[in-house]
$ cat data.cif   # mmCIF, C-alpha atoms
data_target
loop_
_atom_site.label_atom_id
_atom_site.label_comp_id
_atom_site.auth_asym_id
_atom_site.auth_seq_id
_atom_site.Cartn_x
_atom_site.Cartn_y
_atom_site.Cartn_z
CA MET B 1 19.90 -24.56 13.88
CA ALA B 2 18.89 -26.38 17.03
CA ALA B 3 15.33 -25.12 17.17
CA SER B 4 12.33 -27.00 15.87
CA ARG B 5 10.99 -26.17 12.42
CA GLU B 6 7.43 -26.27 13.70
CA GLY B 7 5.70 -22.92 13.32
CA SER B 8 4.26 -20.91 16.16
CA LEU B 9 0.51 -21.18 16.76
CA GLU B 10 0.38 -17.79 18.45
CA ALA B 11 -0.66 -14.60 16.69
CA PRO B 12 2.18 -12.81 14.87
CA THR B 13 3.69 -9.86 16.71
CA ARG B 14 5.95 -7.06 15.53
CA HIS B 15 8.91 -5.60 17.40
CA PRO B 16 9.36 -1.81 17.46
CA ILE B 17 11.67 -0.58 14.69
CA ASP B 18 14.81 0.52 16.55
CA TRP B 19 15.87 2.91 13.81
CA ARG B 20 17.32 5.56 16.13
CA ASN B 21 19.84 3.06 17.56
CA PRO B 22 23.32 3.34 15.95
CA ASP B 23 23.47 -0.48 15.88
CA TYR B 24 20.57 -0.45 13.44
CA TYR B 25 23.00 0.89 10.81
CA ASP B 26 25.93 -1.43 11.66
CA GLU B 27 26.53 -3.19 8.36
CA ASP B 28 28.40 -6.14 9.87
CA LYS B 29 25.54 -6.87 12.27
CA LEU B 30 23.06 -6.44 9.44
CA PHE B 31 24.87 -8.99 7.27
CA THR B 32 25.01 -11.46 10.13
CA GLU B 33 21.25 -11.22 10.54
CA LEU B 34 20.66 -11.35 6.78
CA GLU B 35 22.64 -14.60 6.60
CA ARG B 36 20.67 -16.08 9.50
CA VAL B 37 17.27 -15.20 8.07
CA TYR B 38 18.24 -16.12 4.50
CA ASP B 39 19.22 -19.55 5.82
CA VAL B 40 15.81 -19.99 7.46
CA CYS B 41 14.08 -18.94 4.24
CA HIS B 42 16.26 -21.26 2.15
CA GLY B 43 15.31 -24.19 4.37
CA CYS B 44 11.60 -23.41 4.12
CA ARG B 45 10.92 -21.88 0.66
CA ARG B 46 7.25 -21.43 1.47
CA CYS B 47 7.19 -17.85 0.12
CA VAL B 48 8.60 -18.64 -3.32
CA SER B 49 5.43 -17.55 -5.13
CA LEU B 50 4.85 -14.24 -3.36
CA CYS B 51 7.27 -11.87 -5.07
CA ASN B 52 10.68 -11.83 -6.74
CA ALA B 53 12.75 -11.45 -3.55
CA PHE B 54 12.51 -15.12 -2.63
CA PRO B 55 13.17 -16.60 -6.11
CA THR B 56 16.18 -14.27 -6.30
CA LEU B 57 17.47 -15.61 -2.98
CA PHE B 58 16.85 -19.24 -3.84
CA ASP B 59 18.52 -18.89 -7.26
CA LEU B 60 21.58 -17.37 -5.59
CA VAL B 61 21.73 -20.31 -3.20
CA ASP B 62 21.12 -22.98 -5.83
CA GLU B 63 23.73 -21.53 -8.18
CA SER B 64 26.40 -21.23 -5.46
CA ASP B 65 29.23 -23.73 -5.00
CA THR B 66 27.86 -25.05 -1.71
CA MET B 67 24.16 -24.75 -2.60
CA GLU B 68 23.75 -23.21 0.85
CA VAL B 69 23.58 -19.59 1.99
CA ASP B 70 27.25 -19.69 3.01
CA GLY B 71 28.11 -20.04 -0.68
CA VAL B 72 26.41 -16.76 -1.64
CA ALA B 73 28.63 -13.71 -1.92
CA LYS B 74 27.71 -11.10 0.69
CA GLU B 75 27.51 -8.40 -1.97
CA ASP B 76 24.74 -10.43 -3.65
CA TYR B 77 22.60 -10.13 -0.53
CA TRP B 78 21.58 -6.70 -1.84
CA LYS B 79 19.97 -8.31 -4.90
CA VAL B 80 17.35 -9.82 -2.59
CA VAL B 81 16.86 -6.54 -0.71
CA ASP B 82 16.29 -4.62 -3.95
CA GLN B 83 13.47 -6.98 -4.95
CA CYS B 84 11.50 -6.51 -1.71
CA TYR B 85 8.83 -3.80 -1.76
CA LEU B 86 7.60 -4.34 1.82
CA CYS B 87 4.17 -5.74 0.98
CA ASP B 88 4.28 -7.62 4.34
CA LEU B 89 2.49 -10.69 2.98
CA CYS B 90 5.35 -13.06 3.81
CA PHE B 91 5.13 -11.99 7.45
CA LEU B 92 1.37 -12.18 7.86
CA ALA B 93 0.32 -14.81 5.33
CA LYS B 94 3.12 -17.33 4.91
CA CYS B 95 6.02 -17.39 7.35
CA PRO B 96 5.64 -19.84 10.28
CA TYR B 97 8.71 -18.44 12.07
CA VAL B 98 7.56 -14.91 12.84
CA PRO B 99 7.70 -13.71 16.46
CA PRO B 100 6.83 -15.01 19.02
CA HIS B 101 8.53 -18.05 17.41
CA GLU B 102 12.04 -18.35 18.81
CA TRP B 103 13.59 -17.91 15.37
CA ASP B 104 12.10 -14.40 15.34
CA VAL B 105 11.92 -13.90 11.57
CA ASP B 106 10.50 -10.59 10.33
CA PHE B 107 11.64 -10.56 6.72
CA PRO B 108 9.99 -7.26 5.67
CA HIS B 109 11.44 -5.30 8.57
CA LEU B 110 14.86 -6.85 8.02
CA MET B 111 14.61 -5.69 4.40
CA LEU B 112 13.60 -2.25 5.68
CA GLN B 113 16.70 -2.16 7.88
CA ALA B 114 18.87 -3.15 4.92
CA LYS B 115 17.31 -0.43 2.77
CA ALA B 116 17.93 2.10 5.55
CA VAL B 117 21.58 1.02 5.86
CA LYS B 118 22.03 1.27 2.10
CA TYR B 119 20.32 4.67 1.94
CA ARG B 120 22.43 6.09 4.75
CA LYS B 121 25.61 4.74 3.14
CA GLN B 122 25.07 5.78 -0.48
CA GLY B 123 21.78 7.65 -0.81
CA ALA B 124 19.50 6.86 -3.75
CA PRO B 125 19.50 7.60 -7.50
CA LEU B 126 17.78 10.75 -8.73
CA ARG B 127 14.99 8.68 -10.26
CA ASP B 128 14.17 6.97 -6.97
CA ARG B 129 14.33 10.22 -5.00
CA THR B 130 12.03 11.86 -7.54
CA LEU B 131 9.47 9.05 -7.73
CA THR B 132 9.17 8.96 -3.94
CA SER B 133 8.80 12.74 -3.61
CA THR B 134 5.09 12.50 -4.28
CA ASP B 135 4.11 15.84 -2.78
CA ALA B 136 6.61 17.74 -4.93
CA LEU B 137 5.65 15.80 -8.06
CA GLY B 138 1.99 16.56 -7.47
CA ARG B 139 2.55 20.26 -6.93
CA ILE B 140 4.59 20.63 -10.13
CA ALA B 141 2.73 18.24 -12.42
CA GLY B 142 -0.62 19.44 -11.08
CA ILE B 143 -0.17 22.98 -12.44
CA PRO B 144 -3.00 23.29 -15.04
CA VAL B 145 -0.88 23.67 -18.19
CA VAL B 146 1.84 21.36 -16.89
CA ALA B 147 -0.66 18.61 -16.04
CA GLY B 148 -1.92 18.49 -19.62
CA VAL B 149 1.61 18.39 -21.03
CA VAL B 150 2.76 15.68 -18.60
CA ASN B 151 -0.28 13.49 -19.29
CA THR B 152 0.17 13.87 -23.06
CA LEU B 153 3.88 13.06 -22.93
CA ASN B 154 3.26 10.04 -20.73
CA ARG B 155 1.05 8.62 -23.50
CA ASN B 156 3.60 9.32 -26.25
CA ALA B 157 5.67 6.27 -27.30
CA GLY B 158 8.66 8.33 -28.39
CA PHE B 159 8.81 10.25 -25.12
CA ARG B 160 8.39 7.08 -23.09
CA LYS B 161 11.31 5.48 -24.90
CA LEU B 162 13.41 8.57 -24.10
CA LEU B 163 12.22 8.51 -20.49
CA GLU B 164 13.24 4.88 -20.16
CA ASN B 165 16.70 5.47 -21.63
CA THR B 166 17.46 8.62 -19.63
CA PHE B 167 15.52 8.21 -16.39
CA GLY B 168 14.96 4.48 -15.99
CA VAL B 169 11.14 4.50 -16.09
CA HIS B 170 9.94 1.56 -18.16
CA ARG B 171 8.23 2.52 -21.40
CA ASP B 172 5.37 0.03 -20.91
CA ALA B 173 4.57 0.89 -17.30
CA ARG B 174 1.33 2.74 -16.69
CA LEU B 175 2.03 6.13 -15.17
CA PRO B 176 -0.58 7.98 -13.12
CA GLU B 177 -2.43 10.90 -14.60
CA PHE B 178 -2.17 14.27 -12.89
CA HIS B 179 -5.22 16.43 -12.25
CA SER B 180 -4.95 20.19 -12.06
CA ARG B 181 -7.96 20.34 -9.73
CA PRO B 182 -7.02 18.19 -6.75
CA LEU B 183 -9.40 16.37 -4.44
CA ARG B 184 -8.74 18.82 -1.62
CA ALA B 185 -10.13 21.63 -3.82
CA ARG B 186 -13.26 19.66 -4.69
CA ILE B 187 -14.57 18.96 -1.19
CA GLN B 188 -16.44 21.51 0.89
CA PRO B 189 -15.97 20.60 4.58
CA ASP B 190 -18.86 19.83 6.90
CA THR B 191 -19.09 21.14 10.44
CA GLY B 192 -19.64 17.73 11.99
CA GLU B 193 -23.15 18.51 13.16
CA GLY B 194 -25.63 15.65 13.05
CA ALA B 195 -23.00 12.94 13.56
CA GLU B 196 -24.39 9.68 14.94
CA PRO B 197 -21.87 7.52 16.84
CA ALA B 198 -22.03 3.77 16.30
CA GLY B 199 -19.78 1.28 18.06
CA PRO B 200 -16.22 2.65 18.03
CA THR B 201 -17.05 5.20 15.32
CA ALA B 202 -17.93 8.82 16.08
CA GLY B 203 -19.93 9.14 12.88
CA LYS B 204 -18.01 12.09 11.47
CA VAL B 205 -14.96 11.68 9.26
CA VAL B 206 -11.86 13.67 8.48
CA LEU B 207 -10.61 12.57 5.09
CA PHE B 208 -6.87 12.12 4.74
CA ALA B 209 -6.82 12.68 0.99
CA THR B 210 -3.36 11.11 0.37
CA CYS B 211 -0.98 12.42 -2.26
CA TYR B 212 -2.20 9.87 -4.83
CA GLY B 213 -5.86 10.43 -4.06
CA ASN B 214 -5.40 14.19 -4.13
CA ARG B 215 -3.57 14.61 -7.43
CA ASN B 216 -3.84 11.33 -9.35
CA ASP B 217 -7.21 9.78 -8.46
CA PRO B 218 -9.53 12.50 -7.13
CA LYS B 219 -12.64 10.72 -8.48
CA SER B 220 -12.35 7.85 -5.99
CA GLY B 221 -12.00 10.35 -3.16
CA GLU B 222 -15.05 12.28 -4.36
CA ASP B 223 -17.03 9.05 -4.59
CA LEU B 224 -15.97 8.18 -1.04
CA VAL B 225 -17.20 11.53 0.27
CA VAL B 226 -20.53 11.12 -1.56
CA VAL B 227 -20.98 7.61 -0.11
CA LEU B 228 -20.13 8.76 3.41
CA ARG B 229 -22.56 11.67 3.25
CA HIS B 230 -25.22 9.40 1.76
CA ASN B 231 -24.84 7.43 4.99
CA GLY B 232 -25.35 10.54 7.11
CA ILE B 233 -21.66 10.94 7.93
CA PRO B 234 -20.29 14.51 7.90
CA VAL B 235 -16.90 14.86 6.19
CA THR B 236 -14.13 17.41 6.59
CA LEU B 237 -10.51 17.73 5.49
CA VAL B 238 -7.31 18.30 7.39
CA ASP B 239 -5.99 21.85 7.08
CA LYS B 240 -2.73 20.56 5.63
CA GLU B 241 -1.27 17.17 4.94
CA ARG B 242 1.96 15.62 3.72
CA CYS B 243 2.55 12.27 2.07
CA CYS B 244 2.08 9.56 4.70
CA GLY B 245 5.73 8.57 4.23
CA MET B 246 5.27 5.09 2.72
CA PRO B 247 7.26 5.83 -0.49
CA LYS B 248 10.21 7.13 1.58
CA LEU B 249 9.91 4.14 3.93
CA GLU B 250 10.28 1.78 0.97
CA LEU B 251 13.34 3.77 -0.10
CA GLY B 252 14.90 3.43 3.35
CA ASP B 253 14.86 7.20 3.97
CA LEU B 254 13.57 7.01 7.54
CA GLU B 255 14.44 10.62 8.37
CA ALA B 256 12.08 11.75 5.60
CA VAL B 257 9.38 9.54 7.11
CA ALA B 258 9.91 11.26 10.46
CA LYS B 259 9.62 14.70 8.85
CA ALA B 260 6.30 13.77 7.21
CA LYS B 261 5.06 12.38 10.52
CA ASP B 262 5.93 15.67 12.25
CA VAL B 263 3.59 17.48 9.86
CA ASP B 264 0.71 15.01 9.73
CA ILE B 265 0.36 13.72 13.27
CA PRO B 266 -0.20 17.05 15.11
CA VAL B 267 -2.94 18.05 12.66
CA LEU B 268 -4.64 14.66 12.76
CA VAL B 269 -4.44 14.26 16.52
CA GLY B 270 -6.07 17.67 16.96
CA LEU B 271 -9.06 16.49 14.91
CA VAL B 272 -9.19 13.18 16.78
CA ASP B 273 -9.33 15.16 20.02
CA GLU B 274 -12.31 17.04 18.55
CA GLY B 275 -14.10 13.73 18.02
CA TRP B 276 -13.41 13.03 14.36
CA ASP B 277 -12.63 9.60 12.88
CA ILE B 278 -9.98 9.40 10.13
CA VAL B 279 -10.50 7.62 6.81
CA ALA B 280 -8.00 7.40 3.94
CA PRO B 281 -8.80 5.94 0.50
CA VAL B 282 -5.35 4.38 -0.13
CA PRO B 283 -4.55 1.18 1.82
CA SER B 284 -0.83 1.94 2.04
CA CYS B 285 -1.51 5.23 3.79
CA VAL B 286 -3.85 3.60 6.30
CA LEU B 287 -1.23 0.91 6.97
CA MET B 288 1.42 3.57 7.48
CA PHE B 289 -0.55 5.20 10.28
CA LYS B 290 -1.83 1.90 11.70
CA GLN B 291 1.44 -0.03 11.74
CA GLU B 292 4.69 1.49 10.53
CA LEU B 293 4.62 4.84 12.32
CA PRO B 294 3.54 3.24 15.63
CA LEU B 295 6.45 0.79 15.32
CA MET B 296 8.89 3.57 14.47
CA PHE B 297 7.61 5.80 17.29
CA PRO B 298 6.33 3.32 19.92
CA ASP B 299 6.50 5.86 22.77
CA ASP B 300 4.63 8.68 21.03
CA PRO B 301 1.07 8.88 22.43
CA ASP B 302 -0.11 11.06 19.54
CA VAL B 303 0.99 8.47 16.98
CA ALA B 304 -0.90 5.84 19.00
CA LYS B 305 -3.99 8.06 19.12
CA VAL B 306 -4.02 8.43 15.33
CA ARG B 307 -3.39 4.67 14.93
CA ASP B 308 -6.53 3.94 16.92
CA ALA B 309 -8.67 6.45 15.01
CA ILE B 310 -7.83 5.70 11.35
CA TYR B 311 -9.85 3.33 9.19
CA ASP B 312 -9.95 1.75 5.77
CA PRO B 313 -13.16 3.02 4.07
CA PHE B 314 -14.85 -0.38 3.92
CA GLU B 315 -13.71 -1.26 7.43
CA TYR B 316 -15.38 1.94 8.61
CA LEU B 317 -18.62 1.38 6.73
CA MET B 318 -18.89 -2.24 7.87
CA LEU B 319 -18.39 -1.15 11.49
CA ARG B 320 -21.33 1.20 10.97
CA HIS B 321 -23.32 -1.64 9.42
CA LYS B 322 -22.64 -3.87 12.44
CA HIS B 323 -24.39 -1.27 14.57
CA GLY B 324 -27.29 -0.68 12.19
CA LYS B 325 -26.01 2.58 10.69
CA LEU B 326 -25.34 1.60 7.06
CA ASN B 327 -27.76 2.62 4.35
CA THR B 328 -28.54 -0.62 2.48
CA ASP B 329 -31.08 0.86 0.07
CA PHE B 330 -29.20 -0.06 -3.09
CA LYS B 331 -30.74 0.93 -6.43
CA ASN B 332 -28.48 -0.95 -8.86
CA SER B 333 -26.97 -4.43 -8.95
CA LEU B 334 -23.30 -4.72 -9.91
CA GLY B 335 -23.43 -8.12 -11.58
CA LYS B 336 -20.15 -10.01 -11.36
CA VAL B 337 -17.24 -8.09 -9.81
CA ALA B 338 -13.63 -9.32 -9.80
CA CYS B 339 -12.22 -7.57 -6.75
CA HIS B 340 -8.48 -7.59 -6.08
CA ALA B 341 -7.63 -7.40 -2.37
CA ALA B 342 -4.63 -5.07 -2.07
CA CYS B 343 -1.67 -6.38 -0.06
CA HIS B 344 -1.50 -3.36 2.25
CA GLN B 345 -5.19 -3.77 3.01
CA ARG B 346 -4.94 -7.51 3.66
CA VAL B 347 -2.14 -7.11 6.19
CA GLN B 348 -4.20 -4.66 8.28
CA ARG B 349 -5.96 -7.72 9.74
CA ILE B 350 -9.42 -6.26 9.24
CA GLY B 351 -10.86 -9.09 7.15
CA PRO B 352 -12.43 -8.90 3.66
CA LYS B 353 -14.58 -5.84 4.37
CA THR B 354 -14.78 -4.75 0.73
CA ARG B 355 -16.20 -8.12 -0.29
CA GLU B 356 -18.58 -8.16 2.68
CA LEU B 357 -20.03 -4.75 1.87
CA LEU B 358 -20.34 -5.16 -1.89
CA SER B 359 -21.96 -8.56 -1.30
CA LEU B 360 -24.83 -6.72 0.40
CA VAL B 361 -25.81 -5.28 -2.99
CA PRO B 362 -28.62 -7.43 -4.46
CA GLY B 363 -27.78 -9.23 -7.69
CA THR B 364 -24.05 -8.92 -7.09
CA GLU B 365 -21.43 -11.67 -7.16
CA ILE B 366 -17.99 -10.88 -5.77
CA GLN B 367 -14.92 -12.87 -6.77
CA THR B 368 -12.07 -11.84 -4.50
CA ILE B 369 -8.50 -12.22 -5.80
CA GLU B 370 -5.93 -12.49 -3.01
CA ARG B 371 -2.66 -12.27 -4.93
CA CYS B 372 -0.21 -9.41 -5.24
CA SER B 373 -0.54 -7.26 -8.37
CA GLY B 374 3.20 -6.58 -8.28
CA HIS B 375 2.85 -2.80 -8.48
CA ASP B 376 4.05 -1.30 -5.19
CA GLY B 377 3.80 2.32 -6.29
CA THR B 378 7.28 2.62 -7.78
CA TYR B 379 8.54 -0.97 -8.28
CA ALA B 380 6.40 -1.59 -11.36
CA VAL B 381 7.46 1.58 -13.17
CA LYS B 382 11.22 1.05 -12.84
CA LYS B 383 13.02 -0.23 -15.91
CA GLU B 384 14.86 -3.02 -14.07
CA PHE B 385 11.80 -4.31 -12.18
CA HIS B 386 8.86 -3.84 -14.56
CA ALA B 387 9.05 -7.29 -16.19
CA ALA B 388 9.21 -8.94 -12.76
CA SER B 389 6.24 -6.87 -11.57
CA MET B 390 4.13 -8.00 -14.51
CA LYS B 391 5.09 -11.63 -13.87
CA ILE B 392 4.14 -11.34 -10.19
CA GLY B 393 0.74 -9.95 -11.17
CA ARG B 394 0.03 -12.49 -13.91
CA PRO B 395 -2.13 -14.76 -11.69
CA VAL B 396 -4.30 -11.72 -10.91
CA TYR B 397 -4.73 -10.78 -14.58
CA ASN B 398 -5.55 -14.40 -15.45
CA LYS B 399 -8.20 -14.63 -12.74
CA VAL B 400 -9.84 -11.45 -14.00
CA LYS B 401 -9.86 -12.82 -17.55
CA GLN B 402 -11.33 -16.14 -16.40
CA ALA B 403 -14.04 -14.42 -14.38
CA GLN B 404 -15.25 -12.33 -17.35
CA PRO B 405 -16.69 -9.82 -14.86
CA ASP B 406 -18.96 -6.87 -15.42
CA HIS B 407 -16.48 -4.82 -13.37
CA TYR B 408 -12.97 -5.37 -12.07
CA SER B 409 -11.56 -3.45 -9.18
CA SER B 410 -8.88 -3.09 -6.52
CA ASP B 411 -8.84 -1.27 -3.20
CA CYS B 412 -5.47 0.10 -4.34
CA ALA B 413 -5.97 2.37 -7.35
CA MET B 414 -2.37 1.78 -8.45
CA ALA B 415 -2.90 -1.98 -8.38
CA GLY B 416 -6.01 -1.43 -10.47
CA GLN B 417 -3.93 0.32 -13.11
CA GLN B 418 -1.41 -2.53 -13.03
CA ILE B 419 -4.21 -5.03 -13.64
CA ALA B 420 -5.46 -2.96 -16.58
CA ASN B 421 -1.93 -2.95 -17.96
CA GLY B 422 -1.73 -6.72 -17.58
CA LEU B 423 -5.08 -7.26 -19.28
CA GLY B 424 -4.07 -5.04 -22.19
CA ASP B 425 -7.57 -4.98 -23.66
CA GLY B 426 -8.32 -1.29 -23.26
CA SER B 427 -10.60 -1.82 -20.25
CA GLU B 428 -10.32 0.30 -17.12
CA PRO B 429 -10.61 -0.61 -13.42
CA GLU B 430 -13.25 0.90 -11.16
CA HIS B 431 -12.48 1.57 -7.52
CA PRO B 432 -14.70 -0.41 -5.08
CA ILE B 433 -15.95 2.83 -3.53
CA SER B 434 -16.99 3.99 -7.02
CA LEU B 435 -18.85 0.71 -7.48
CA LEU B 436 -20.58 1.30 -4.14
CA ARG B 437 -21.68 4.73 -5.32
CA LEU B 438 -22.97 3.13 -8.52
CA ALA B 439 -24.92 0.60 -6.45
CA TYR B 440 -26.51 3.41 -4.44
CA GLY B 441 -27.41 5.22 -7.67
CA ILE B 442 -26.16 8.56 -6.37
#
$ encode --input "data.cif" --output "structure tokens"
Amino acid sequence: MAASREGSLEAPTRHPIDWRNPDYYDEDKLFTELERVYDVCHGCRRCVSLCNAFPTLFDLVDESDTMEVDGVAKEDYWKVVDQCYLCDLCFLAKCPYVPPHEWDVDFPHLMLQAKAVKYRKQGAPLRDRTLTSTDALGRIAGIPVVAGVVNTLNRNAGFRKLLENTFGVHRDARLPEFHSRPLRARIQPDTGEGAEPAGPTAGKVVLFATCYGNRNDPKSGEDLVVVLRHNGIPVTLVDKERCCGMPKLELGDLEAVAKAKDVDIPVLVGLVDEGWDIVAPVPSCVLMFKQELPLMFPDDPDVAKVRDAIYDPFEYLMLRHKHGKLNTDFKNSLGKVACHAACHQRVQRIGPKTRELLSLVPGTEIQTIERCSGHDGTYAVKKEFHAASMKIGRPVYNKVKQAQPDHYSSDCAMAGQQIANGLGDGSEPEHPISLLRLAYGI
């Protein structure tokens, strides 16, 4: 390449995802771009410690006859694609060649394009389609009797061995529990009266429960609502919601993402027009509305309106604090907290808001861990990827062990479960919002 290897000093930018263009699915053009970007990555190797996609690529190159990308069989390019779970950290934390650099490297969105090409060409296995159909799974497994049976079977070693052999879900992966009483049934909506605006916030929140928060982790959502109301913030719920689309995005099923968007955006934008802010407890869902949907639908003003109105919980509370509207009357110290910063929260470019807020609690020491847990929602539970996921997360587990904290936590509840699995000592994670509620003593 003729260009300089010096990185750009300008802020990273993202191009719109041109997924409606027939060229987006042209496999020959895709492979040409994969070869170009793989060659840049091979020459740099800065991202080798982030995930298993880059070691897979570099091993393919090093074991080829030429020890260059041109020696790697094109069919093996898919091995790299399959290891990428779109955490976005290489783009925002490591790569010096992202746009506006002239080399224009956006590895995650190139992997997304490859996944979309593969999905359109051959679909996806039943396991992958099932695991990413989170709304359907929640509806079925959340039926009262069914939920108890599913949770019991998921803890049974014999069933897990059968599940691994027949369905490809690793026997040692932690699977989420299902609750027959979802979050959306536990929250009584407020009218919005008494809201106090502060800075960009309206002071009244519509909670996007998320499929995981609704059926698998309703406690964190309940704690979030209690904390918001303790801060004088009225809370309501959307009338209906679908999965944000992140699991289908990671599968490459972009049409399914568009269908979910067509359900969620009209409902959310109506509430935004009524003056409500949006908060979601799962970082991946916030990122979906903040980044991926706006890039997929760059000309949709409603998507942009939701993008500008949705917040991470701690981002929202710290904005309120900046304008003197956070209740800082904490009753309990938290001691030492090992707090894992989730990848999809880090790449929102909001800063370490969880650490900043919890550090306001007297007698509290926060140790932030900025490494990927390796979970990704479905990657860690798949038979062929589970061992790699645990290896990726090992630095996180080791840091928690070394810290010997009073509490360990992650903004991503699924990452928290992965950390607990890696620790293997019977301990359980506590969501940061649950720790905040504990600090308030409410």
$ residues_near_point --input "data.cif" --point "(14.9, 9.0, -7.2)" --cutoff "12 Å" --atoms "only C-alpha atoms" --output "list in words"
Tyr119, Gly123, Ala124, Pro125, Leu126, Arg127, Asp128, Arg129, Thr130, Leu131, Thr132, Ser133, Thr134, Leu137, Phe167, Gly168, Val169, Pro247, Lys248, Glu250, Leu251, Gly252, Asp253, Thr378, Tyr379 and Lys382 of chain B
$ residues_around --input "data.cif" --residues "segment 394-410 of chain B" --least-positions-apart "4" --cutoff "7 Å" --atoms "all atoms listed in the file" --output "PyMOL selection string"
chain B and resi 335-342+369+371+373+390+415-416+419+422-423+429-432
$ closest_residue --input "data.cif" --among "B:Ile310, B:Ile187, B:Ala387, B:Val40" --to "Pro234 of chain B" --atoms "all atoms listed in the file"
B:Ile187
$ residues_near_point --input "data.cif" --point "(8.4, -19.6, 12.7)" --cutoff "12 Å" --atoms "all atoms listed in the file" --output "PyMOL selection string"
chain B and resi 3-13+37+40-41+43-44+46+90-107
$ closest_residue --input "data.cif" --among "B:Glu292, B:Asp28, B:Glu315, B:Glu68" --to "Val279 of chain B" --atoms "all atoms listed in the file"
B:Glu315
$ decode --input "data.cif" --residues "segment 314-325 of chain B" --atoms "N, CA and C atoms" --output "PDB file, in the first residue's frame"
ATOM      1  N   PHE B 314     -26.784   5.213  33.714  1.00  0.00           N
ATOM      2  CA  PHE B 314     -25.822   6.010  34.469  1.00  0.00           C
ATOM      3  C   PHE B 314     -25.462   7.296  33.724  1.00  0.00           C
ATOM      4  N   GLU B 315     -25.483   7.251  32.404  1.00  0.00           N
ATOM      5  CA  GLU B 315     -25.325   8.476  31.634  1.00  0.00           C
ATOM      6  C   GLU B 315     -26.433   9.455  32.009  1.00  0.00           C
ATOM      7  N   TYR B 316     -27.655   8.949  32.087  1.00  0.00           N
ATOM      8  CA  TYR B 316     -28.804   9.804  32.388  1.00  0.00           C
ATOM      9  C   TYR B 316     -28.697  10.414  33.785  1.00  0.00           C
ATOM     10  N   LEU B 317     -28.377   9.568  34.756  1.00  0.00           N
ATOM     11  CA  LEU B 317     -28.309  10.052  36.132  1.00  0.00           C
ATOM     12  C   LEU B 317     -27.162  11.043  36.325  1.00  0.00           C
ATOM     13  N   MET B 318     -26.041  10.822  35.637  1.00  0.00           N
ATOM     14  CA  MET B 318     -24.921  11.749  35.770  1.00  0.00           C
ATOM     15  C   MET B 318     -25.206  13.079  35.057  1.00  0.00           C
ATOM     16  N   LEU B 319     -25.998  13.056  34.003  1.00  0.00           N
ATOM     17  CA  LEU B 319     -26.450  14.312  33.401  1.00  0.00           C
ATOM     18  C   LEU B 319     -27.310  15.094  34.387  1.00  0.00           C
ATOM     19  N   ARG B 320     -28.149  14.388  35.112  1.00  0.00           N
ATOM     20  CA  ARG B 320     -28.975  15.039  36.134  1.00  0.00           C
ATOM     21  C   ARG B 320     -28.090  15.605  37.249  1.00  0.00           C
ATOM     22  N   HIS B 321     -27.063  14.835  37.611  1.00  0.00           N
ATOM     23  CA  HIS B 321     -26.161  15.279  38.669  1.00  0.00           C
ATOM     24  C   HIS B 321     -25.422  16.559  38.262  1.00  0.00           C
ATOM     25  N   LYS B 322     -25.023  16.621  36.997  1.00  0.00           N
ATOM     26  CA  LYS B 322     -24.312  17.798  36.489  1.00  0.00           C
ATOM     27  C   LYS B 322     -25.138  19.065  36.682  1.00  0.00           C
ATOM     28  N   HIS B 323     -26.443  18.911  36.670  1.00  0.00           N
ATOM     29  CA  HIS B 323     -27.338  20.064  36.809  1.00  0.00           C
ATOM     30  C   HIS B 323     -28.031  20.099  38.171  1.00  0.00           C
ATOM     31  N   GLY B 324     -27.401  19.420  39.147  1.00  0.00           N
ATOM     32  CA  GLY B 324     -27.870  19.516  40.520  1.00  0.00           C
ATOM     33  C   GLY B 324     -29.138  18.767  40.823  1.00  0.00           C
ATOM     34  N   LYS B 325     -29.474  17.751  40.037  1.00  0.00           N
ATOM     35  CA  LYS B 325     -30.748  17.046  40.225  1.00  0.00           C
ATOM     36  C   LYS B 325     -30.584  15.575  40.623  1.00  0.00           C
TER      37      LYS B 325
END
